[in-house]
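See below for run.txt, which holds compact mmCIF, C-alpha atoms.
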# COMPACT_ATOMS: atom_id res chain seq x y z
CA MET A 1 -38.87 0.14 -37.24
CA THR A 2 -38.33 -0.43 -33.50
CA ILE A 3 -34.86 -1.78 -34.22
CA LEU A 4 -34.07 1.31 -36.24
CA TYR A 5 -35.18 3.55 -33.40
CA ALA A 6 -33.15 1.56 -30.92
CA ALA A 7 -30.04 1.62 -33.08
CA LEU A 8 -30.41 5.31 -33.84
CA CYS A 9 -30.99 6.26 -30.24
CA LEU A 10 -28.06 4.31 -28.91
CA GLY A 11 -25.89 5.47 -31.80
CA ALA A 12 -26.81 9.07 -31.11
CA LEU A 13 -26.13 8.64 -27.41
CA GLY A 14 -22.77 7.07 -28.17
CA LEU A 15 -21.91 9.82 -30.63
CA VAL A 16 -22.79 12.55 -28.16
CA PHE A 17 -20.73 10.96 -25.42
CA GLY A 18 -17.86 10.35 -27.83
CA LEU A 19 -17.87 13.98 -28.91
CA VAL A 20 -18.08 15.23 -25.33
CA LEU A 21 -15.17 13.00 -24.30
CA THR A 22 -13.07 14.07 -27.29
CA PHE A 23 -13.76 17.68 -26.46
CA ALA A 24 -13.02 17.05 -22.79
CA SER A 25 -9.73 15.31 -23.49
CA LYS A 26 -8.58 18.39 -25.41
CA LYS A 27 -10.00 20.85 -22.95
CA PHE A 28 -8.77 19.09 -19.82
CA HIS A 29 -5.46 17.99 -21.26
CA VAL A 30 -2.79 18.02 -18.57
CA GLU A 31 0.74 18.81 -19.64
CA VAL A 32 3.01 16.12 -18.28
CA ASP A 33 6.67 17.00 -18.23
CA GLU A 34 8.43 14.31 -20.26
CA ARG A 35 11.37 14.48 -17.88
CA VAL A 36 9.19 12.88 -15.19
CA GLU A 37 9.04 9.64 -17.18
CA GLN A 38 12.77 9.79 -17.94
CA VAL A 39 13.69 10.34 -14.31
CA LYS A 40 11.35 7.56 -13.24
CA ALA A 41 13.10 5.18 -15.63
CA CYS A 42 16.42 5.90 -13.90
CA THR A 43 15.16 5.15 -10.38
CA GLY A 44 15.10 1.74 -8.76
CA GLN A 45 11.44 1.31 -9.84
CA ALA A 46 10.70 -0.68 -6.72
CA ASN A 47 8.41 1.86 -4.99
CA CYS A 48 10.36 1.13 -1.82
CA GLY A 49 9.69 4.57 -0.35
CA ALA A 50 13.26 5.10 0.90
CA CYS A 51 13.26 8.58 -0.66
CA GLY A 52 10.31 9.61 1.49
CA TYR A 53 7.88 9.98 -1.41
CA ALA A 54 4.82 7.85 -2.11
CA GLY A 55 6.51 6.00 -4.97
CA CYS A 56 8.96 6.32 -7.84
CA GLU A 57 6.47 8.40 -9.82
CA ALA A 58 6.05 10.88 -6.96
CA PHE A 59 9.82 11.05 -6.47
CA ALA A 60 10.38 11.72 -10.20
CA GLN A 61 7.73 14.43 -10.07
CA ALA A 62 9.45 16.02 -7.08
CA VAL A 63 12.87 15.90 -8.78
CA VAL A 64 11.52 17.62 -11.87
CA GLU A 65 9.85 20.27 -9.73
CA GLY A 66 13.15 20.77 -7.91
CA LYS A 67 11.78 19.63 -4.54
CA ALA A 68 13.89 16.48 -4.32
CA LYS A 69 17.57 16.03 -4.98
CA PRO A 70 18.63 13.90 -7.98
CA ASN A 71 20.62 11.63 -5.68
CA GLY A 72 17.61 10.98 -3.42
CA CYS A 73 16.97 7.51 -4.82
CA ALA A 74 19.05 5.01 -2.86
CA PRO A 75 18.30 1.97 -5.07
CA ALA A 76 19.39 3.87 -8.20
CA GLY A 77 22.85 4.29 -6.68
CA ALA A 78 25.60 6.55 -7.99
CA GLU A 79 25.01 5.54 -11.60
CA GLY A 80 21.28 6.32 -11.44
CA ALA A 81 21.91 9.63 -9.67
CA ARG A 82 24.34 10.63 -12.40
CA LYS A 83 21.77 9.81 -15.11
CA ILE A 84 19.04 11.74 -13.31
CA GLY A 85 21.49 14.64 -12.96
CA GLU A 86 22.08 14.54 -16.74
CA ILE A 87 18.35 14.68 -17.44
CA MET A 88 17.93 17.60 -15.06
CA GLY A 89 21.11 19.28 -16.26
CA VAL A 90 22.72 19.53 -12.84
CA ALA A 91 25.90 18.12 -11.36
CA VAL A 92 25.32 15.48 -8.73
CA GLU A 93 27.51 14.66 -5.78
CA THR A 94 27.42 11.06 -4.81
CA GLY A 95 28.89 9.69 -1.66
CA GLU A 96 30.04 6.16 -1.18
CA ARG A 97 27.40 3.49 -1.57
CA ASN A 98 25.89 2.27 1.68
CA VAL A 99 24.89 -1.27 2.41
CA ALA A 100 22.81 -2.84 5.16
CA ARG A 101 24.68 -5.08 7.61
CA VAL A 102 23.25 -7.50 10.13
CA LEU A 103 24.86 -6.92 13.52
CA CYS A 104 24.29 -10.39 14.91
CA ASN A 105 26.22 -13.54 14.43
CA GLY A 106 24.17 -15.76 16.72
CA VAL A 107 23.57 -18.64 14.34
CA LYS A 108 22.08 -21.96 15.44
CA GLY A 109 24.28 -23.74 17.97
CA VAL A 110 26.08 -20.53 18.88
CA ALA A 111 23.26 -18.52 20.36
CA LYS A 112 21.49 -20.24 23.23
CA GLU A 113 17.82 -20.93 22.68
CA THR A 114 15.55 -20.78 25.72
CA SER A 115 12.32 -21.86 24.10
CA ARG A 116 10.81 -23.22 20.94
CA TYR A 117 8.71 -20.70 19.07
CA ASP A 118 5.76 -22.18 17.17
CA GLY A 119 3.70 -19.02 16.73
CA TYR A 120 3.05 -16.72 13.81
CA ARG A 121 6.16 -16.47 11.64
CA SER A 122 7.02 -12.86 12.25
CA CYS A 123 9.87 -11.29 14.22
CA VAL A 124 7.62 -8.47 15.44
CA VAL A 125 5.13 -10.94 16.90
CA ALA A 126 7.86 -13.19 18.34
CA ALA A 127 9.64 -10.22 19.92
CA ASP A 128 6.43 -9.34 21.74
CA ILE A 129 5.97 -12.89 23.03
CA ALA A 130 8.65 -13.33 25.68
CA GLY A 131 11.26 -12.03 23.23
CA GLY A 132 11.37 -14.94 20.83
CA PRO A 133 13.29 -18.21 21.04
CA LYS A 134 16.83 -16.91 21.59
CA ALA A 135 18.16 -16.05 25.01
CA CYS A 136 19.91 -12.90 23.83
CA ARG A 137 17.59 -9.92 23.74
CA PHE A 138 19.74 -8.15 21.15
CA SER A 139 19.83 -11.04 18.69
CA CYS A 140 18.45 -11.48 15.22
CA ILE A 141 15.22 -13.42 15.79
CA GLY A 142 15.56 -15.00 12.38
CA LEU A 143 11.91 -15.22 11.30
CA GLY A 144 12.56 -13.03 8.29
CA ASP A 145 10.60 -9.78 8.66
CA CYS A 146 13.49 -8.03 6.91
CA MET A 147 13.40 -10.62 4.13
CA ASP A 148 9.70 -9.92 3.57
CA HIS A 149 10.30 -6.18 3.41
CA CYS A 150 13.25 -6.36 1.01
CA ALA A 151 12.10 -5.39 -2.48
CA PHE A 152 15.36 -6.57 -4.02
CA ASN A 153 15.61 -10.16 -2.71
CA ALA A 154 18.92 -9.30 -1.08
CA ILE A 155 18.15 -10.97 2.24
CA SER A 156 18.17 -14.65 3.05
CA MET A 157 18.05 -16.59 6.31
CA VAL A 158 21.20 -18.57 7.02
CA ASP A 159 21.12 -20.74 10.15
CA GLY A 160 18.57 -18.53 11.84
CA VAL A 161 20.29 -15.22 11.17
CA ALA A 162 19.56 -12.80 8.36
CA HIS A 163 22.22 -12.62 5.69
CA ILE A 164 22.38 -9.65 3.33
CA ASN A 165 23.82 -9.93 -0.14
CA ALA A 166 25.82 -6.71 -0.49
CA ASP A 167 25.66 -6.84 -4.29
CA LEU A 168 21.87 -6.79 -4.33
CA CYS A 169 21.40 -4.42 -1.37
CA THR A 170 20.52 -0.86 -2.33
CA ALA A 171 20.50 0.58 1.18
CA CYS A 172 16.87 1.60 0.89
CA GLY A 173 16.49 1.01 4.62
CA ALA A 174 13.27 -1.04 4.48
CA CYS A 175 14.86 -3.85 6.52
CA VAL A 176 16.27 -1.40 9.06
CA ASN A 177 12.74 -0.18 9.77
CA ALA A 178 11.25 -3.68 9.70
CA CYS A 179 13.57 -5.18 12.31
CA PRO A 180 12.01 -5.06 15.82
CA ARG A 181 15.45 -5.52 17.40
CA SER A 182 17.29 -2.85 15.36
CA VAL A 183 19.89 -5.45 14.45
CA ILE A 184 20.36 -4.09 10.92
CA LYS A 185 22.38 -0.92 10.32
CA LEU A 186 23.39 0.93 7.17
CA MET A 187 27.17 1.23 6.68
CA PRO A 188 29.52 2.31 3.89
CA ILE A 189 30.19 -0.69 1.65
CA SER A 190 33.95 -0.39 2.10
CA GLN A 191 33.52 -1.00 5.84
CA LYS A 192 34.52 -4.66 5.72
CA VAL A 193 35.47 -5.09 9.37
CA ILE A 194 32.32 -5.28 11.45
CA VAL A 195 31.54 -6.00 15.08
CA ARG A 196 28.62 -8.37 14.63
CA CYS A 197 27.03 -7.92 18.02
CA ARG A 198 25.11 -5.24 19.87
CA ASN A 199 24.69 -6.99 23.21
CA SER A 200 24.90 -4.42 25.99
CA ASP A 201 24.31 -6.86 28.85
CA MET A 202 27.04 -7.47 31.40
CA ALA A 203 29.83 -9.71 30.16
CA ARG A 204 28.72 -12.79 32.10
CA VAL A 205 25.08 -12.54 31.01
CA ALA A 206 26.09 -11.87 27.43
CA ARG A 207 28.48 -14.79 27.37
CA GLU A 208 25.84 -17.14 28.79
CA SER A 209 23.31 -16.23 26.13
CA CYS A 210 25.60 -16.47 23.12
CA MET A 211 29.06 -17.85 22.37
CA ARG A 212 29.73 -15.01 19.96
CA ALA A 213 28.45 -12.14 22.08
CA CYS A 214 30.63 -9.07 22.42
CA ILE A 215 31.48 -8.84 26.12
CA GLY A 216 33.02 -5.42 25.88
CA CYS A 217 36.44 -6.63 27.06
CA GLY A 218 38.24 -3.96 25.03
CA ARG A 219 41.02 -6.16 23.65
CA CYS A 220 40.23 -5.00 20.13
CA LYS A 221 40.44 -1.41 21.31
CA LYS A 222 43.91 -2.04 22.75
CA GLU A 223 45.03 -3.83 19.61
CA CYS A 224 43.83 -1.09 17.23
CA LYS A 225 46.66 1.23 16.24
CA TYR A 226 44.33 3.77 14.65
CA ASP A 227 42.10 4.44 17.64
CA ALA A 228 39.11 3.40 15.54
CA ILE A 229 37.34 1.27 18.14
CA VAL A 230 35.04 2.60 20.83
CA VAL A 231 33.68 0.37 23.58
CA GLU A 232 30.47 1.78 25.01
CA ASN A 233 27.22 0.32 26.39
CA GLY A 234 29.01 -2.98 26.78
CA PHE A 235 29.94 -3.61 23.17
CA ALA A 236 32.60 -2.49 20.70
CA ARG A 237 31.88 -0.28 17.73
CA ILE A 238 34.22 0.52 14.82
CA ASP A 239 34.42 4.06 13.48
CA PRO A 240 34.47 3.67 9.66
CA GLU A 241 36.25 7.03 9.26
CA LYS A 242 39.33 5.91 11.21
CA CYS A 243 39.33 2.17 10.44
CA THR A 244 41.92 1.06 7.90
CA ARG A 245 40.37 -2.41 7.45
CA CYS A 246 43.59 -4.08 8.67
CA GLY A 247 41.58 -6.74 10.50
CA GLU A 248 43.95 -7.02 13.49
CA CYS A 249 41.04 -6.59 15.91
CA ALA A 250 39.27 -9.64 14.49
CA LYS A 251 42.31 -11.78 15.25
CA VAL A 252 42.40 -10.93 18.95
CA CYS A 253 38.66 -11.00 19.66
CA PRO A 254 38.12 -13.79 22.22
CA CYS A 255 34.48 -14.24 21.17
CA ASN A 256 34.92 -14.17 17.40
CA CYS A 257 32.31 -11.49 17.06
CA ILE A 258 34.37 -9.26 14.76
CA THR A 259 34.22 -10.43 11.16
CA VAL A 260 36.12 -9.39 8.05
CA GLU A 261 34.09 -9.65 4.87
CA MET B 1 -41.64 8.99 3.36
CA ASN B 2 -39.57 11.70 4.97
CA ILE B 3 -35.98 12.24 4.07
CA PHE B 4 -34.50 10.99 7.34
CA LEU B 5 -36.33 7.68 7.12
CA PHE B 6 -35.30 7.41 3.49
CA MET B 7 -31.67 7.90 4.50
CA ILE B 8 -31.85 5.23 7.21
CA SER B 9 -33.52 2.86 4.81
CA CYS B 10 -30.82 3.36 2.16
CA ILE B 11 -27.87 3.10 4.51
CA LEU B 12 -28.94 0.35 6.90
CA THR B 13 -32.14 -1.45 6.01
CA ASN B 14 -31.58 -1.78 2.28
CA ASN B 15 -27.81 -1.81 2.46
CA PHE B 16 -26.47 -2.41 -1.03
CA ILE B 17 -24.05 -5.11 -0.06
CA PHE B 18 -25.81 -6.88 2.79
CA SER B 19 -29.38 -6.94 1.62
CA LYS B 20 -29.23 -6.38 -2.14
CA PHE B 21 -25.88 -8.15 -2.69
CA LEU B 22 -24.68 -5.56 -5.18
CA GLY B 23 -21.06 -4.49 -5.37
CA CYS B 24 -19.72 -7.61 -3.69
CA CYS B 25 -16.63 -7.62 -5.93
CA PRO B 26 -14.99 -4.47 -4.53
CA PHE B 27 -16.40 -5.37 -1.11
CA LEU B 28 -14.17 -8.45 -1.05
CA GLY B 29 -11.44 -7.22 -3.37
CA VAL B 30 -10.53 -3.83 -1.89
CA SER B 31 -11.30 -4.40 1.76
CA SER B 32 -7.94 -5.53 3.09
CA LYS B 33 -6.95 -2.10 4.42
CA VAL B 34 -9.17 0.55 5.99
CA SER B 35 -7.51 3.42 4.14
CA THR B 36 -7.96 1.89 0.67
CA ALA B 37 -11.48 0.79 1.56
CA ALA B 38 -12.35 4.36 2.51
CA SER B 39 -10.91 5.64 -0.80
CA MET B 40 -12.95 3.10 -2.70
CA GLY B 41 -16.05 4.08 -0.72
CA LEU B 42 -15.51 7.74 -1.54
CA ALA B 43 -15.04 7.01 -5.24
CA VAL B 44 -18.22 4.91 -5.29
CA THR B 45 -20.19 7.63 -3.48
CA PHE B 46 -18.99 10.17 -5.99
CA VAL B 47 -19.85 8.11 -9.06
CA MET B 48 -23.14 6.69 -7.78
CA THR B 49 -24.52 10.12 -6.94
CA ILE B 50 -23.70 11.60 -10.32
CA ALA B 51 -24.67 8.43 -12.19
CA SER B 52 -28.16 8.38 -10.65
CA PHE B 53 -28.66 11.95 -11.80
CA PHE B 54 -27.56 11.37 -15.38
CA ALA B 55 -29.25 7.98 -15.68
CA TYR B 56 -32.50 9.61 -14.57
CA MET B 57 -32.18 12.29 -17.25
CA VAL B 58 -31.36 9.81 -20.02
CA ASP B 59 -34.23 7.58 -18.94
CA GLN B 60 -36.86 10.35 -18.68
CA TRP B 61 -35.92 12.39 -21.71
CA LEU B 62 -34.64 9.82 -24.14
CA LEU B 63 -35.66 6.25 -23.41
CA VAL B 64 -39.24 6.76 -22.18
CA PRO B 65 -40.35 9.24 -24.91
CA PHE B 66 -39.08 6.88 -27.64
CA GLY B 67 -40.51 3.80 -25.92
CA LEU B 68 -37.07 2.27 -25.55
CA ASP B 69 -37.25 1.32 -21.88
CA TYR B 70 -36.12 -2.23 -22.70
CA MET B 71 -32.74 -0.77 -23.61
CA ARG B 72 -32.12 0.67 -20.16
CA THR B 73 -29.29 -1.64 -19.23
CA ILE B 74 -27.12 -0.94 -22.25
CA ALA B 75 -27.93 2.78 -22.23
CA PHE B 76 -27.07 3.06 -18.54
CA ILE B 77 -23.78 1.24 -19.03
CA LEU B 78 -22.92 3.71 -21.76
CA VAL B 79 -23.87 6.65 -19.57
CA ILE B 80 -21.87 5.41 -16.59
CA ALA B 81 -18.77 4.56 -18.61
CA ALA B 82 -18.73 7.91 -20.37
CA LEU B 83 -19.45 9.71 -17.12
CA VAL B 84 -16.59 8.07 -15.24
CA GLN B 85 -14.19 8.87 -18.08
CA PHE B 86 -15.34 12.46 -18.12
CA VAL B 87 -15.15 12.85 -14.35
CA GLU B 88 -11.65 11.37 -14.35
CA MET B 89 -10.41 13.85 -16.95
CA PHE B 90 -12.13 16.72 -15.19
CA LEU B 91 -10.63 15.83 -11.81
CA LYS B 92 -7.16 15.34 -13.24
CA LYS B 93 -7.26 18.87 -14.58
CA SER B 94 -9.17 20.73 -11.90
CA SER B 95 -8.29 19.03 -8.62
CA PRO B 96 -5.24 16.74 -8.76
CA GLY B 97 -5.59 16.26 -5.00
CA ILE B 98 -8.92 14.42 -5.26
CA TYR B 99 -7.67 12.68 -8.40
CA SER B 100 -4.66 11.16 -6.67
CA ALA B 101 -6.72 10.31 -3.58
CA LEU B 102 -9.24 8.33 -5.63
CA GLY B 103 -6.43 6.94 -7.79
CA ILE B 104 -7.09 3.66 -9.52
CA TYR B 105 -10.50 3.21 -7.87
CA LEU B 106 -12.27 5.71 -10.08
CA PRO B 107 -11.83 3.83 -13.39
CA LEU B 108 -12.45 0.55 -11.58
CA ILE B 109 -16.00 1.60 -10.73
CA THR B 110 -17.00 1.84 -14.38
CA THR B 111 -17.95 -1.80 -14.33
CA ASN B 112 -19.26 -1.93 -10.78
CA CYS B 113 -22.73 -3.45 -10.55
CA ALA B 114 -23.65 -1.23 -7.60
CA VAL B 115 -23.58 1.80 -9.88
CA LEU B 116 -25.66 0.16 -12.59
CA GLY B 117 -27.85 -1.30 -9.86
CA VAL B 118 -28.74 2.06 -8.35
CA ALA B 119 -29.65 3.45 -11.78
CA THR B 120 -31.96 0.52 -12.56
CA LEU B 121 -33.48 0.44 -9.06
CA ASN B 122 -34.26 4.16 -9.29
CA VAL B 123 -36.28 3.47 -12.40
CA THR B 124 -38.16 0.47 -11.03
CA ALA B 125 -38.96 2.33 -7.79
CA GLU B 126 -40.19 5.28 -9.90
CA TYR B 127 -38.29 7.88 -7.89
CA ASN B 128 -38.29 11.49 -9.00
CA MET B 129 -35.03 13.28 -9.68
CA LEU B 130 -34.39 14.39 -6.08
CA TYR B 131 -35.07 10.95 -4.67
CA SER B 132 -32.97 9.27 -7.38
CA VAL B 133 -29.97 11.36 -6.48
CA MET B 134 -30.56 10.86 -2.77
CA ASN B 135 -30.94 7.13 -3.26
CA GLY B 136 -27.63 7.08 -5.12
CA PHE B 137 -25.85 9.10 -2.47
CA PHE B 138 -27.19 7.36 0.63
CA SER B 139 -26.91 3.86 -0.83
CA ALA B 140 -23.28 4.65 -1.61
CA LEU B 141 -22.79 5.77 1.99
CA GLY B 142 -24.21 2.40 3.02
CA PHE B 143 -21.71 0.73 0.70
CA MET B 144 -18.90 2.76 2.22
CA LEU B 145 -20.01 1.85 5.74
CA ALA B 146 -20.05 -1.82 4.85
CA ILE B 147 -16.67 -1.86 3.11
CA VAL B 148 -14.93 0.14 5.86
CA LEU B 149 -16.39 -2.12 8.57
CA MET B 150 -15.28 -5.16 6.61
CA ALA B 151 -11.77 -3.74 6.17
CA GLY B 152 -11.57 -3.13 9.92
CA VAL B 153 -12.51 -6.73 10.63
CA ARG B 154 -10.10 -8.06 8.00
CA GLU B 155 -7.20 -6.05 9.39
CA ARG B 156 -7.73 -7.80 12.70
CA LEU B 157 -8.17 -11.18 11.01
CA GLU B 158 -4.66 -10.75 9.56
CA SER B 159 -3.05 -11.21 12.95
CA SER B 160 -5.43 -13.71 14.50
CA LYS B 161 -4.97 -17.43 14.66
CA ILE B 162 -7.03 -19.03 11.89
CA PRO B 163 -6.93 -22.66 10.75
CA GLN B 164 -4.79 -23.02 7.63
CA CYS B 165 -7.70 -24.08 5.41
CA MET B 166 -9.76 -21.01 6.39
CA LYS B 167 -7.06 -18.41 5.82
CA GLY B 168 -7.66 -15.58 3.35
CA PHE B 169 -10.85 -15.69 1.33
CA PRO B 170 -12.78 -18.43 3.14
CA ILE B 171 -12.73 -16.56 6.45
CA SER B 172 -13.55 -13.29 4.64
CA LEU B 173 -16.64 -14.89 3.12
CA VAL B 174 -17.72 -16.26 6.49
CA THR B 175 -17.21 -12.80 7.99
CA ALA B 176 -19.22 -11.20 5.18
CA GLY B 177 -22.03 -13.68 5.84
CA LEU B 178 -22.06 -12.92 9.55
CA MET B 179 -22.09 -9.19 8.86
CA ALA B 180 -24.97 -9.63 6.41
CA MET B 181 -26.91 -11.49 9.11
CA ALA B 182 -26.25 -8.65 11.54
CA PHE B 183 -27.52 -6.12 9.00
CA MET B 184 -30.61 -8.24 8.39
CA GLY B 185 -31.55 -7.22 11.92
CA PHE B 186 -32.38 -3.78 10.55
CA SER B 187 -35.00 -5.16 8.17
CA GLY B 188 -38.53 -4.13 8.98
CA MET B 189 -37.29 -1.03 10.79
CA VAL B 190 -38.40 1.34 8.02

For this file, write the structure as C-alpha cells.
Amino acid sequence: MTILYAALCLGALGLVFGLVLTFASKKFHVEVDERVEQVKACTGQANCGACGYAGCEAFAQAVVEGKAKPNGCAPAGAEGARKIGEIMGVAVETGERNVARVLCNGVKGVAKETSRYDGYRSCVVAADIAGGPKACRFSCIGLGDCMDHCAFNAISMVDGVAHINADLCTACGACVNACPRSVIKLMPISQKVIVRCRNSDMARVARESCMRACIGCGRCKKECKYDAIVVENGFARIDPEKCTRCGECAKVCPCNCITVE
Amino acid sequence: MNIFLFMISCILTNNFIFSKFLGCCPFLGVSSKVSTAASMGLAVTFVMTIASFFAYMVDQWLLVPFGLDYMRTIAFILVIAALVQFVEMFLKKSSPGIYSALGIYLPLITTNCAVLGVATLNVTAEYNMLYSVMNGFFSALGFMLAIVLMAGVRERLESSKIPQCMKGFPISLVTAGLMAMAFMGFSGMV
C-alpha cells in the first residue's frame, strides 16, 4: 500500500510538472529567425570577436536584425560575405582580403640578445621585465602570445620570430591586439613587398641592436620610381596604393630588411 | 533569532561551501574568472531562493500529509529540475537580458547539490516558509561570496610563480582549504 502511495504521488508530481512544462514551452515559445542559423553557418565559427560582437551567434543575430553588415566577419572572407549576402538578399561589397604581417625580421643570430629570459613564457610579461631578451625595443619578442591568441593556427615561431601563414590567416586581428610591441599589422594580401622593421631608434643604435634593422637611410626611397616609400620616424614604410611590387627597393636595401614574399 | 543574525549565520558562519562543503563542484569548476563566477553566483541565488520556496510547499502539502517524507530527496530533485526548466523558458521569453547573462549556468545548476542541500536542510531545521526562503537566499549569497573571492584569488594565481607540480588544480585545492580555515574563524559567532 505504501509503495502504491509513493508511486502514485511521485507519478502525479511528475505528471503535473510535465504538463506545466509542456504548456510553458508552448506559451513561452520564442520565434527564432531561421536565417540566424544560416548566417552563423557561413561565418568563421571561431568566436574570435573580430566583428565586435560577443560571438558568431551574436554577430548572426545582428546581421539578421540589420545592425551588422554582411561582410563584417573577417574570417568568413569574401566567399562567406557573399553567402551571407545571398541569405539576407542584399548585394555585398568586398574589398581585397587582408592578412596579418609580422614587421620584424630579427631572427636568432641576427638580432642581438642582451639577456637570457627564463621567466613566464609570455611576451606581455617579458616586455614588462626589462623589455625581454632582445636588445631592440621594437622587435618581436618571440614567446608566442600571438600564436596563443590565433584561433586558426596560422602563426608559428620560426627562429624566435613569429611567422604567419597567409593562407590560414583570416585577418581577424586577434594577434594584432595580443602583441605588446605592435609588431603585427594588417595589410592587403597582394602587398608582397614589406619593410620588416619598425625600429625608430637612431641609425647607429638600431644597427647595433640588430643586423636587419631599418636605419632609415632612404636608399629604397631614392630607388623607388613610383614614390611609394616614405621614410619617417627612422624607418621606411611602403604605401600599398602606390607600390607596384617591382621589388627594386629590396635589392638596394643595405640591411636586408625589405622582403619580397 | 532575529533576521540580521540569521543572515550573518547563513552567509558567514554556516557558509555553504566552507562549512557545509556543498556546491564544491561549481566552486572549483567555474571560479577561474571573476565575471563568470559572479554570473554563476547570481544564477545559484536565483534558483536556490525559488527552490526553497517550492520545496517547502511540496514537502508541507504533499509529502507530509501522505506520510512520504522518506521520498524527499527524489521529490526535491524532481521539483528543482522542473523548476529550473520552467524558469529558463520563462526568462528566455520575458527577459532575454537576464537569460543571456545567466547563460549556460542556469541549466547547470539543476544538478547542483547546494540547491538540493538547502531544500533538505530547510526541512531538517524545521523552518517555516519565510525562514526557508531566507535561508535559501542568504546561503546562496554566501555561496556567491565564496566563489567570487575564490575567483579573485585564482586570477592572481594565474600570473604568480608556482612550482610545476602544484599548477592548476592542486594549488586551487590548497587555496580552497586555506579559505575554509579562514571562514572557520566565524564559527561560534552566532

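Distances to chain B were evaluated for A:Ile258, A:Met1, A:Val252, A:Ile229 using all atoms listed in the file, and the minimum falls at A:Met1.
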
* Asked: Smallest atom-to-atom distance to Val58 in chain B: which of B:Thr73, B:Ser39, B:Ser31, B:Asn15, using all atoms listed in the file?
  ->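 Comparing B:Thr73, B:Ser39, B:Ser31, B:Asn15 against Val58 in chain B, the winner is B:Thr73.
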
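Residue-level contacts from chain B to chain A at 8 Å, counting all atoms listed in the file, read B:Leu62, B:Phe66, B:Leu68, B:Met71, B:Ala75, B:Leu78, B:Val79, B:Ala82, B:Gln85, B:Phe86, B:Met89, B:Phe90, B:Lys92, B:Lys93.
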
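Considering only C-alpha atoms, the residue among A:Val99, A:Met202, A:Cys48, A:Val39 positioned nearest to Lys83 in chain A is A:Val39.
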
* To do: Counting all atoms listed in the file, write as a PyMOL selection string all protein and nucleic acid residues lying at most 10 Å from (21.6, -17.2, 25.2) in the file's frame.
  => chain A and resi 106+110-114+133-137+139+205-213

What does the file look like for those residues with C-alpha atoms, as a PDB file, keeping the file's coordinate frame?
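Below is the file selection_6.pdb, written as the result:
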ATOM      1  CA  GLY A 106      24.170 -15.760  16.720  1.00  0.00           C
ATOM      2  CA  VAL A 110      26.080 -20.530  18.880  1.00  0.00           C
ATOM      3  CA  ALA A 111      23.260 -18.520  20.360  1.00  0.00           C
ATOM      4  CA  LYS A 112      21.490 -20.240  23.230  1.00  0.00           C
ATOM      5  CA  GLU A 113      17.820 -20.930  22.680  1.00  0.00           C
ATOM      6  CA  THR A 114      15.550 -20.780  25.720  1.00  0.00           C
ATOM      7  CA  PRO A 133      13.290 -18.210  21.040  1.00  0.00           C
ATOM      8  CA  LYS A 134      16.830 -16.910  21.590  1.00  0.00           C
ATOM      9  CA  ALA A 135      18.160 -16.050  25.010  1.00  0.00           C
ATOM     10  CA  CYS A 136      19.910 -12.900  23.830  1.00  0.00           C
ATOM     11  CA  ARG A 137      17.590  -9.920  23.740  1.00  0.00           C
ATOM     12  CA  SER A 139      19.830 -11.040  18.690  1.00  0.00           C
ATOM     13  CA  VAL A 205      25.080 -12.540  31.010  1.00  0.00           C
ATOM     14  CA  ALA A 206      26.090 -11.870  27.430  1.00  0.00           C
ATOM     15  CA  ARG A 207      28.480 -14.790  27.370  1.00  0.00           C
ATOM     16  CA  GLU A 208      25.840 -17.140  28.790  1.00  0.00           C
ATOM     17  CA  SER A 209      23.310 -16.230  26.130  1.00  0.00           C
ATOM     18  CA  CYS A 210      25.600 -16.470  23.120  1.00  0.00           C
ATOM     19  CA  MET A 211      29.060 -17.850  22.370  1.00  0.00           C
ATOM     20  CA  ARG A 212      29.730 -15.010  19.960  1.00  0.00           C
ATOM     21  CA  ALA A 213      28.450 -12.140  22.080  1.00  0.00           C
TER      22      ALA A 213
END

* To do: Name the closest residue to Ala151 in chain B among the candidates B:Val115, B:Ala37, B:Ala180, B:Ile109; distances are taken between atoms, counting only C-alpha atoms.
  => B:Ala37

* Pick out the residues sitting within 12 Å of Gly77 in chain A, and hand them over as a PyMOL selection string; count only C-alpha atoms, and ignore anything fewer than 5 positions along from it in its own chain. => chain A and resi 42-44+70-72+82-84+92-99+167-172

* **Close residues, Cys214 in chain A itself excluded, 9 Å, all atoms listed in the file, min 5 positions apart in chain, as a PyMOL selection string** => chain A and resi 195-200+203+206-207+234-236+253-258

* Between CA of Gly142 in chain B and CA of Cys10 in chain B, distance in Å (one decimal) ->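 Distance reported for this atom pair: 6.7 Å.
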
* Atom pair CA of His149 in chain A / CA of Cys175 in chain A: separation (Å) ->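 Result for CA of His149 in chain A versus CA of Cys175 in chain A: 6.0 Å, one decimal.
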